[in-house]
$ cat coords-v5.cif   # mmCIF, N, CA and C atoms
data_coords
#
loop_
_atom_site.label_atom_id
_atom_site.label_comp_id
_atom_site.auth_asym_id
_atom_site.auth_seq_id
_atom_site.Cartn_x
_atom_site.Cartn_y
_atom_site.Cartn_z
N MET Y 1 46.26 -21.89 -3.40
CA MET Y 1 45.57 -20.95 -2.55
C MET Y 1 46.59 -20.01 -1.90
N SER Y 2 46.26 -18.73 -1.88
CA SER Y 2 47.15 -17.73 -1.28
C SER Y 2 46.50 -17.15 -0.04
N ARG Y 3 47.30 -16.89 0.98
CA ARG Y 3 46.79 -16.30 2.22
C ARG Y 3 47.36 -14.90 2.38
N TYR Y 4 46.46 -13.99 2.76
CA TYR Y 4 46.82 -12.59 3.00
C TYR Y 4 46.32 -12.19 4.39
N PHE Y 5 46.91 -11.10 4.93
CA PHE Y 5 46.57 -10.64 6.27
C PHE Y 5 46.33 -9.13 6.26
N SER Y 6 45.41 -8.68 7.13
CA SER Y 6 45.15 -7.24 7.28
C SER Y 6 45.78 -6.76 8.59
N GLU Y 7 45.92 -5.44 8.71
CA GLU Y 7 46.43 -4.85 9.95
C GLU Y 7 45.41 -4.99 11.08
N ASP Y 8 44.16 -5.33 10.75
CA ASP Y 8 43.12 -5.55 11.76
C ASP Y 8 43.08 -7.00 12.21
N HIS Y 9 44.07 -7.80 11.76
CA HIS Y 9 44.25 -9.19 12.18
C HIS Y 9 43.21 -10.15 11.59
N GLU Y 10 42.72 -9.83 10.39
CA GLU Y 10 41.95 -10.80 9.63
C GLU Y 10 42.88 -11.48 8.64
N TRP Y 11 42.55 -12.72 8.31
CA TRP Y 11 43.25 -13.42 7.24
C TRP Y 11 42.23 -13.76 6.16
N ILE Y 12 42.72 -13.91 4.93
CA ILE Y 12 41.87 -14.34 3.84
C ILE Y 12 42.65 -15.32 2.98
N ASP Y 13 42.08 -16.50 2.78
CA ASP Y 13 42.62 -17.48 1.84
C ASP Y 13 41.89 -17.28 0.53
N VAL Y 14 42.64 -17.08 -0.55
CA VAL Y 14 42.03 -16.80 -1.84
C VAL Y 14 42.32 -17.92 -2.82
N ASP Y 15 41.25 -18.39 -3.45
CA ASP Y 15 41.35 -19.40 -4.50
C ASP Y 15 40.48 -18.90 -5.65
N GLY Y 16 41.12 -18.36 -6.68
CA GLY Y 16 40.38 -17.76 -7.79
C GLY Y 16 39.68 -16.50 -7.32
N GLU Y 17 38.35 -16.47 -7.47
CA GLU Y 17 37.56 -15.30 -7.08
C GLU Y 17 36.92 -15.46 -5.71
N ILE Y 18 37.22 -16.55 -5.01
CA ILE Y 18 36.59 -16.84 -3.72
C ILE Y 18 37.61 -16.68 -2.59
N GLY Y 19 37.18 -16.02 -1.53
CA GLY Y 19 38.02 -15.85 -0.35
C GLY Y 19 37.33 -16.41 0.88
N ILE Y 20 38.10 -16.99 1.77
CA ILE Y 20 37.61 -17.45 3.07
C ILE Y 20 38.28 -16.55 4.11
N VAL Y 21 37.47 -15.95 4.99
CA VAL Y 21 37.96 -14.93 5.93
C VAL Y 21 37.81 -15.41 7.37
N GLY Y 22 38.82 -15.12 8.19
CA GLY Y 22 38.77 -15.39 9.62
C GLY Y 22 39.68 -14.42 10.35
N ILE Y 23 39.81 -14.64 11.65
CA ILE Y 23 40.75 -13.81 12.42
C ILE Y 23 41.99 -14.65 12.74
N THR Y 24 43.08 -13.96 12.95
CA THR Y 24 44.36 -14.63 13.16
C THR Y 24 44.47 -15.22 14.57
N ASP Y 25 45.44 -16.08 14.72
CA ASP Y 25 45.72 -16.66 16.02
C ASP Y 25 46.08 -15.56 17.02
N TYR Y 26 46.81 -14.55 16.56
CA TYR Y 26 47.15 -13.42 17.42
C TYR Y 26 45.87 -12.74 17.94
N ALA Y 27 44.90 -12.50 17.04
CA ALA Y 27 43.67 -11.81 17.42
C ALA Y 27 42.87 -12.63 18.44
N GLN Y 28 42.72 -13.93 18.19
CA GLN Y 28 41.94 -14.73 19.14
C GLN Y 28 42.63 -14.79 20.50
N GLY Y 29 43.96 -14.77 20.49
CA GLY Y 29 44.71 -14.77 21.74
C GLY Y 29 44.48 -13.50 22.54
N GLN Y 30 44.36 -12.37 21.83
CA GLN Y 30 44.10 -11.10 22.49
C GLN Y 30 42.67 -11.05 23.05
N LEU Y 31 41.74 -11.68 22.36
CA LEU Y 31 40.34 -11.66 22.79
C LEU Y 31 40.08 -12.58 23.98
N GLY Y 32 40.77 -13.70 24.03
CA GLY Y 32 40.51 -14.68 25.09
C GLY Y 32 39.41 -15.64 24.65
N ASP Y 33 38.74 -16.25 25.62
CA ASP Y 33 37.74 -17.28 25.31
C ASP Y 33 36.55 -16.68 24.57
N ILE Y 34 36.32 -17.17 23.35
CA ILE Y 34 35.23 -16.69 22.51
C ILE Y 34 33.93 -17.36 22.97
N VAL Y 35 32.89 -16.53 23.20
CA VAL Y 35 31.62 -17.06 23.68
C VAL Y 35 30.47 -16.89 22.68
N PHE Y 36 30.65 -16.03 21.67
CA PHE Y 36 29.60 -15.78 20.69
C PHE Y 36 30.22 -15.24 19.42
N VAL Y 37 29.70 -15.70 18.28
CA VAL Y 37 30.13 -15.18 16.98
C VAL Y 37 28.88 -14.94 16.12
N GLU Y 38 28.82 -13.77 15.50
CA GLU Y 38 27.76 -13.47 14.54
C GLU Y 38 28.41 -13.28 13.18
N VAL Y 39 28.06 -14.13 12.23
CA VAL Y 39 28.64 -14.05 10.88
C VAL Y 39 27.67 -13.33 9.95
N PRO Y 40 28.15 -12.79 8.83
CA PRO Y 40 27.26 -12.08 7.91
C PRO Y 40 26.33 -13.05 7.18
N GLU Y 41 25.20 -12.51 6.74
CA GLU Y 41 24.22 -13.31 5.99
C GLU Y 41 24.69 -13.53 4.56
N ASP Y 42 24.29 -14.67 4.00
CA ASP Y 42 24.57 -14.94 2.60
C ASP Y 42 23.97 -13.83 1.75
N GLY Y 43 24.72 -13.38 0.74
CA GLY Y 43 24.24 -12.35 -0.16
C GLY Y 43 24.57 -10.94 0.27
N LYS Y 44 25.10 -10.76 1.48
CA LYS Y 44 25.44 -9.42 1.97
C LYS Y 44 26.59 -8.85 1.15
N GLU Y 45 26.43 -7.62 0.70
CA GLU Y 45 27.48 -6.92 -0.04
C GLU Y 45 28.38 -6.20 0.96
N LEU Y 46 29.67 -6.43 0.84
CA LEU Y 46 30.63 -5.78 1.73
C LEU Y 46 31.65 -4.99 0.93
N SER Y 47 32.02 -3.85 1.46
CA SER Y 47 33.15 -3.10 0.92
C SER Y 47 34.35 -3.36 1.81
N LYS Y 48 35.54 -3.19 1.26
CA LYS Y 48 36.76 -3.36 2.03
C LYS Y 48 36.66 -2.54 3.31
N SER Y 49 36.99 -3.14 4.44
CA SER Y 49 37.00 -2.52 5.77
C SER Y 49 35.62 -2.38 6.41
N ASP Y 50 34.55 -2.84 5.75
CA ASP Y 50 33.22 -2.84 6.38
C ASP Y 50 33.19 -3.79 7.57
N ASP Y 51 32.34 -3.46 8.56
CA ASP Y 51 32.06 -4.41 9.63
C ASP Y 51 31.37 -5.61 8.99
N ALA Y 52 31.93 -6.79 9.17
CA ALA Y 52 31.37 -7.98 8.53
C ALA Y 52 30.79 -8.96 9.54
N ALA Y 53 31.41 -9.06 10.69
CA ALA Y 53 31.00 -10.03 11.70
C ALA Y 53 31.28 -9.46 13.08
N VAL Y 54 30.74 -10.13 14.09
CA VAL Y 54 30.97 -9.73 15.48
C VAL Y 54 31.46 -10.95 16.24
N VAL Y 55 32.47 -10.73 17.06
CA VAL Y 55 32.97 -11.79 17.92
C VAL Y 55 32.97 -11.28 19.35
N GLU Y 56 32.41 -12.07 20.26
CA GLU Y 56 32.38 -11.69 21.67
C GLU Y 56 33.16 -12.71 22.48
N SER Y 57 33.96 -12.17 23.38
CA SER Y 57 34.74 -13.03 24.27
C SER Y 57 34.41 -12.66 25.71
N VAL Y 58 35.03 -13.37 26.62
CA VAL Y 58 34.82 -13.04 28.03
C VAL Y 58 35.40 -11.66 28.35
N LYS Y 59 36.32 -11.17 27.51
CA LYS Y 59 36.94 -9.87 27.73
C LYS Y 59 36.21 -8.71 27.05
N ALA Y 60 35.75 -8.93 25.80
CA ALA Y 60 35.24 -7.81 25.01
C ALA Y 60 34.47 -8.30 23.80
N ALA Y 61 33.71 -7.38 23.20
CA ALA Y 61 33.11 -7.63 21.89
C ALA Y 61 33.94 -6.88 20.86
N SER Y 62 34.08 -7.46 19.69
CA SER Y 62 34.92 -6.85 18.67
C SER Y 62 34.32 -7.08 17.30
N ASP Y 63 34.48 -6.11 16.41
CA ASP Y 63 34.05 -6.28 15.03
C ASP Y 63 35.13 -6.99 14.24
N VAL Y 64 34.68 -7.75 13.26
CA VAL Y 64 35.58 -8.36 12.29
C VAL Y 64 35.31 -7.64 10.97
N TYR Y 65 36.35 -7.13 10.35
CA TYR Y 65 36.22 -6.32 9.14
C TYR Y 65 36.51 -7.16 7.90
N SER Y 66 35.85 -6.81 6.82
CA SER Y 66 36.12 -7.52 5.58
C SER Y 66 37.42 -6.99 4.98
N PRO Y 67 38.40 -7.86 4.70
CA PRO Y 67 39.66 -7.40 4.13
C PRO Y 67 39.56 -7.03 2.66
N VAL Y 68 38.43 -7.38 2.02
CA VAL Y 68 38.21 -7.10 0.60
C VAL Y 68 36.74 -6.77 0.37
N SER Y 69 36.43 -6.24 -0.80
CA SER Y 69 35.05 -5.99 -1.20
C SER Y 69 34.50 -7.22 -1.91
N GLY Y 70 33.18 -7.44 -1.75
CA GLY Y 70 32.57 -8.55 -2.45
C GLY Y 70 31.23 -8.93 -1.86
N THR Y 71 30.75 -10.11 -2.24
CA THR Y 71 29.46 -10.62 -1.80
C THR Y 71 29.68 -11.87 -0.96
N VAL Y 72 29.08 -11.88 0.23
CA VAL Y 72 29.18 -13.05 1.11
C VAL Y 72 28.41 -14.21 0.46
N ILE Y 73 29.07 -15.36 0.36
CA ILE Y 73 28.39 -16.53 -0.20
C ILE Y 73 28.09 -17.58 0.87
N GLU Y 74 28.74 -17.47 2.03
CA GLU Y 74 28.47 -18.42 3.10
C GLU Y 74 29.06 -17.93 4.41
N GLY Y 75 28.26 -17.99 5.47
CA GLY Y 75 28.77 -17.77 6.81
C GLY Y 75 29.05 -19.12 7.44
N ASN Y 76 29.98 -19.20 8.36
CA ASN Y 76 30.32 -20.47 9.00
C ASN Y 76 29.28 -20.78 10.08
N ALA Y 77 28.28 -21.59 9.70
CA ALA Y 77 27.19 -21.93 10.62
C ALA Y 77 27.68 -22.68 11.85
N ALA Y 78 28.80 -23.37 11.76
CA ALA Y 78 29.32 -24.14 12.90
C ALA Y 78 29.66 -23.23 14.08
N LEU Y 79 29.95 -21.96 13.82
CA LEU Y 79 30.33 -21.05 14.90
C LEU Y 79 29.15 -20.71 15.81
N ALA Y 80 27.93 -20.83 15.31
CA ALA Y 80 26.75 -20.55 16.15
C ALA Y 80 26.67 -21.58 17.28
N ASP Y 81 26.95 -22.82 16.96
CA ASP Y 81 26.89 -23.90 17.96
C ASP Y 81 28.18 -24.02 18.77
N ASP Y 82 29.30 -23.65 18.16
CA ASP Y 82 30.60 -23.85 18.81
C ASP Y 82 31.54 -22.68 18.53
N PRO Y 83 31.28 -21.51 19.16
CA PRO Y 83 32.14 -20.35 18.91
C PRO Y 83 33.59 -20.57 19.33
N SER Y 84 33.83 -21.57 20.19
CA SER Y 84 35.20 -21.84 20.63
C SER Y 84 36.10 -22.35 19.51
N LEU Y 85 35.51 -22.71 18.36
CA LEU Y 85 36.33 -23.08 17.19
C LEU Y 85 37.30 -21.95 16.82
N VAL Y 86 36.88 -20.70 17.11
CA VAL Y 86 37.75 -19.56 16.82
C VAL Y 86 39.00 -19.62 17.70
N ASN Y 87 38.87 -20.13 18.92
CA ASN Y 87 40.03 -20.28 19.80
C ASN Y 87 40.88 -21.49 19.45
N THR Y 88 40.22 -22.61 19.15
CA THR Y 88 40.97 -23.86 18.95
C THR Y 88 41.58 -23.97 17.56
N ASP Y 89 40.94 -23.34 16.54
CA ASP Y 89 41.45 -23.44 15.17
C ASP Y 89 41.13 -22.15 14.41
N PRO Y 90 41.69 -21.01 14.85
CA PRO Y 90 41.31 -19.72 14.28
C PRO Y 90 41.64 -19.58 12.79
N GLU Y 91 42.68 -20.26 12.35
CA GLU Y 91 43.08 -20.11 10.95
C GLU Y 91 42.72 -21.35 10.14
N GLY Y 92 41.67 -22.05 10.60
CA GLY Y 92 41.17 -23.25 9.92
C GLY Y 92 39.68 -23.34 10.07
N GLU Y 93 39.20 -24.30 10.90
CA GLU Y 93 37.76 -24.53 11.07
C GLU Y 93 37.04 -23.35 11.71
N GLY Y 94 37.77 -22.41 12.32
CA GLY Y 94 37.16 -21.24 12.94
C GLY Y 94 36.98 -20.07 11.99
N TRP Y 95 36.95 -20.32 10.68
CA TRP Y 95 36.73 -19.25 9.69
C TRP Y 95 35.36 -18.61 9.90
N PHE Y 96 35.19 -17.38 9.42
CA PHE Y 96 33.95 -16.64 9.63
C PHE Y 96 33.02 -16.66 8.42
N PHE Y 97 33.56 -16.33 7.23
CA PHE Y 97 32.69 -16.28 6.04
C PHE Y 97 33.50 -16.45 4.77
N LYS Y 98 32.75 -16.83 3.73
CA LYS Y 98 33.32 -16.93 2.38
C LYS Y 98 32.74 -15.78 1.56
N ILE Y 99 33.57 -15.22 0.70
CA ILE Y 99 33.19 -14.04 -0.06
C ILE Y 99 33.68 -14.17 -1.51
N THR Y 100 32.85 -13.70 -2.44
CA THR Y 100 33.26 -13.58 -3.83
C THR Y 100 33.90 -12.20 -3.99
N LEU Y 101 35.16 -12.16 -4.40
CA LEU Y 101 35.88 -10.90 -4.52
C LEU Y 101 35.36 -10.09 -5.70
N SER Y 102 35.04 -8.82 -5.46
CA SER Y 102 34.60 -7.95 -6.56
C SER Y 102 35.78 -7.17 -7.13
N ASP Y 103 36.86 -7.04 -6.38
CA ASP Y 103 38.04 -6.30 -6.86
C ASP Y 103 39.30 -6.98 -6.34
N PRO Y 104 39.77 -8.01 -7.04
CA PRO Y 104 40.95 -8.75 -6.58
C PRO Y 104 42.20 -7.89 -6.39
N SER Y 105 42.25 -6.70 -7.00
CA SER Y 105 43.43 -5.84 -6.82
C SER Y 105 43.56 -5.35 -5.38
N GLU Y 106 42.47 -5.41 -4.60
CA GLU Y 106 42.54 -5.02 -3.18
C GLU Y 106 43.48 -5.92 -2.40
N LEU Y 107 43.72 -7.12 -2.88
CA LEU Y 107 44.64 -8.03 -2.20
C LEU Y 107 46.05 -7.45 -2.14
N ASP Y 108 46.39 -6.59 -3.11
CA ASP Y 108 47.72 -5.99 -3.14
C ASP Y 108 47.99 -5.11 -1.92
N GLU Y 109 46.93 -4.66 -1.25
CA GLU Y 109 47.07 -3.79 -0.08
C GLU Y 109 47.24 -4.58 1.21
N LEU Y 110 47.13 -5.92 1.13
CA LEU Y 110 47.25 -6.77 2.31
C LEU Y 110 48.67 -7.33 2.43
N MET Y 111 48.97 -7.93 3.57
CA MET Y 111 50.31 -8.46 3.85
C MET Y 111 50.37 -9.96 3.58
N ASN Y 112 51.56 -10.43 3.23
CA ASN Y 112 51.78 -11.88 3.19
C ASN Y 112 52.13 -12.32 4.61
N GLU Y 113 52.35 -13.63 4.80
CA GLU Y 113 52.54 -14.14 6.16
C GLU Y 113 53.79 -13.58 6.83
N SER Y 114 54.89 -13.47 6.10
CA SER Y 114 56.11 -12.96 6.73
C SER Y 114 55.97 -11.48 7.10
N ALA Y 115 55.29 -10.71 6.26
CA ALA Y 115 55.07 -9.29 6.58
C ALA Y 115 54.14 -9.16 7.79
N TYR Y 116 53.14 -10.03 7.88
CA TYR Y 116 52.22 -9.99 9.02
C TYR Y 116 52.95 -10.38 10.31
N ASP Y 117 53.78 -11.40 10.24
CA ASP Y 117 54.56 -11.83 11.42
C ASP Y 117 55.43 -10.68 11.91
N ALA Y 118 56.05 -9.96 10.98
CA ALA Y 118 56.89 -8.81 11.36
C ALA Y 118 56.04 -7.70 11.97
N PHE Y 119 54.83 -7.48 11.43
CA PHE Y 119 53.91 -6.48 11.95
C PHE Y 119 53.53 -6.82 13.40
N VAL Y 120 53.15 -8.08 13.64
CA VAL Y 120 52.74 -8.50 14.98
C VAL Y 120 53.92 -8.42 15.97
N ALA Y 121 55.10 -8.71 15.51
CA ALA Y 121 56.27 -8.67 16.39
C ALA Y 121 56.53 -7.29 16.95
N LYS Y 122 56.05 -6.24 16.25
CA LYS Y 122 56.26 -4.86 16.69
C LYS Y 122 55.17 -4.38 17.65
N LEU Y 123 54.13 -5.20 17.85
CA LEU Y 123 53.01 -4.77 18.70
C LEU Y 123 53.31 -4.95 20.17
#
$ encode --input "coords-v5.cif" --output "structure tokens"
Amino acid sequence: MSRYFSEDHEWIDVDGEIGIVGITDYAQGQLGDIVFVEVPEDGKELSKSDDAAVVESVKAASDVYSPVSGTVIEGNAALADDPSLVNTDPEGEGWFFKITLSDPSELDELMNESAYDAFVAKL
């Protein structure tokens, strides 16, 4: 499995044609305590950079963008009952949705972990 990062602080773990998308630890730290998450519906078609999900914290509401194009195959239902999973495990159990990639070449436009770490260090 390979992990990629966007400049909007989303991560995607890719295994074959399937990606799991969430927000980075940096992003959840900037948002603060997460109080609500809305994930996309199964079957929703997304293009790269489309608004895919909404996350609300005590500080602000923010959109989560799809780092790739494809079809949503599953939203993380656990976030409806426990949105704080995004705070406690943002790059694990706090994932937002799974997507079937329609254009795997879009991954080439994303960063690997070391490039993302360098990007965040400059913020």
$ resolve_selection --input "coords-v5.cif" --expression "the PyMOL selection byres (((chain Y and resi 10 and name CA) around 7) and name CA)" --output "MDAnalysis selection string"
chainID Y and resid 5:6 8:9 11:12 21:24 67
$ resolve_selection --input "coords-v5.cif" --expression "the PyMOL selection byres (((chain Y and resi 113-117 and name CA) around 9) and name CA)" --output "PyMOL selection string"
chain Y and resi 3-7+9+110-112+118-122
$ residues_around --input "coords-v5.cif" --residues "Glu41 of chain Y" --least-positions-apart "5" --cutoff "7 Å" --atoms "only N, CA and C atoms" --output "list in words"
Val72, Ile73, Glu74 and Gly75 of chain Y
$ closest_residue --input "coords-v5.cif" --among "Y:Gly94, Y:Pro104, Y:Gly70, Y:Gly32" --to "Lys44 of chain Y" --atoms "only C-alpha atoms"
Y:Gly70
$ atom_distance --input "coords-v5.cif" --atom1 "atom N of Thr88 of chain Y" --atom2 "atom C of Ile34 of chain Y"
9.0 Å
$ residues_around --input "coords-v5.cif" --residues "Val14 of chain Y" --least-positions-apart "4" --cutoff "5 Å" --atoms "only N, CA and C atoms" --output "number ranges by chain"
Y: 1-3, 18-19
$ select_by_dssp --input "coords-v5.cif" --residues "chain Y" --states "strand (DSSP E)" --output "PyMOL selection string"
chain Y and resi 2-5+10-15+18-23+34-38+45-46+51-57+61-65+70-75+97-101
$ closest_residue --input "coords-v5.cif" --among "Y:Thr71, Y:Glu106, Y:Val86, Y:Ala78" --to "Gly43 of chain Y" --atoms "all atoms listed in the file"
Y:Thr71
$ residues_around --input "coords-v5.cif" --residues "Asp25 of chain Y" --least-positions-apart "2" --cutoff "6 Å" --atoms "only N, CA and C atoms" --output "PyMOL selection string"
chain Y and resi 23+27-29+90-91
$ atom_distance --input "coords-v5.cif" --atom1 "atom CA of Glu38 of chain Y" --atom2 "atom CA of Ala60 of chain Y"
14.1 Å
$ resolve_selection --input "coords-v5.cif" --expression "the PyMOL selection byres ((chain Y and resi 52) around 7)" --output "list in words"
Glu38, Val39, Pro40, Ser49, Asp50, Asp51, Ala53, Val54, Asp63, Val64, Tyr65 and Ser66 of chain Y
$ atom_distance --input "coords-v5.cif" --atom1 "atom C of Asp42 of chain Y" --atom2 "atom CA of Val55 of chain Y"
18.6 Å
$ closest_residue --input "coords-v5.cif" --among "Y:Lys48, Y:Ala77, Y:Asp82, Y:Ser69" --to "Glu17 of chain Y" --atoms "only C-alpha atoms"
Y:Ser69
$ axis_aligned_box --input "coords-v5.cif" --around "segment 10-29 of chain Y" --padding-each-side "3 Å" --output "JSON"
{"center_x": 41.9, "center_y": -14.6, "center_z": 7.4, "size_x": 16.6, "size_y": 15.6, "size_z": 36.3}
$ select_by_dssp --input "coords-v5.cif" --residues "chain Y" --states "alpha helix (DSSP H)" --output "list in words"
Asp25, Tyr26, Ala27, Gln28, Gly29, Gln30, Leu31, Ala78, Leu79, Ala80, Asp81, Leu85, Val86, Asn87, Thr88, Glu113, Ser114, Ala115, Tyr116, Asp117, Ala118, Phe119, Val120 and Ala121 of chain Y
$ closest_residue --input "coords-v5.cif" --among "Y:Leu31, Y:Leu85, Y:Leu123, Y:Leu79" --to "Lys59 of chain Y" --atoms "all atoms listed in the file"
Y:Leu31
$ closest_residue --input "coords-v5.cif" --among "Y:Val37, Y:Asp108, Y:Leu46, Y:Asp89" --to "Asn76 of chain Y" --atoms "only C-alpha atoms"
Y:Val37
$ closest_residue --input "coords-v5.cif" --among "Y:Ser57, Y:Ser47, Y:Ser84, Y:Ser62" --to "Thr100 of chain Y" --atoms "only C-alpha atoms"
Y:Ser47
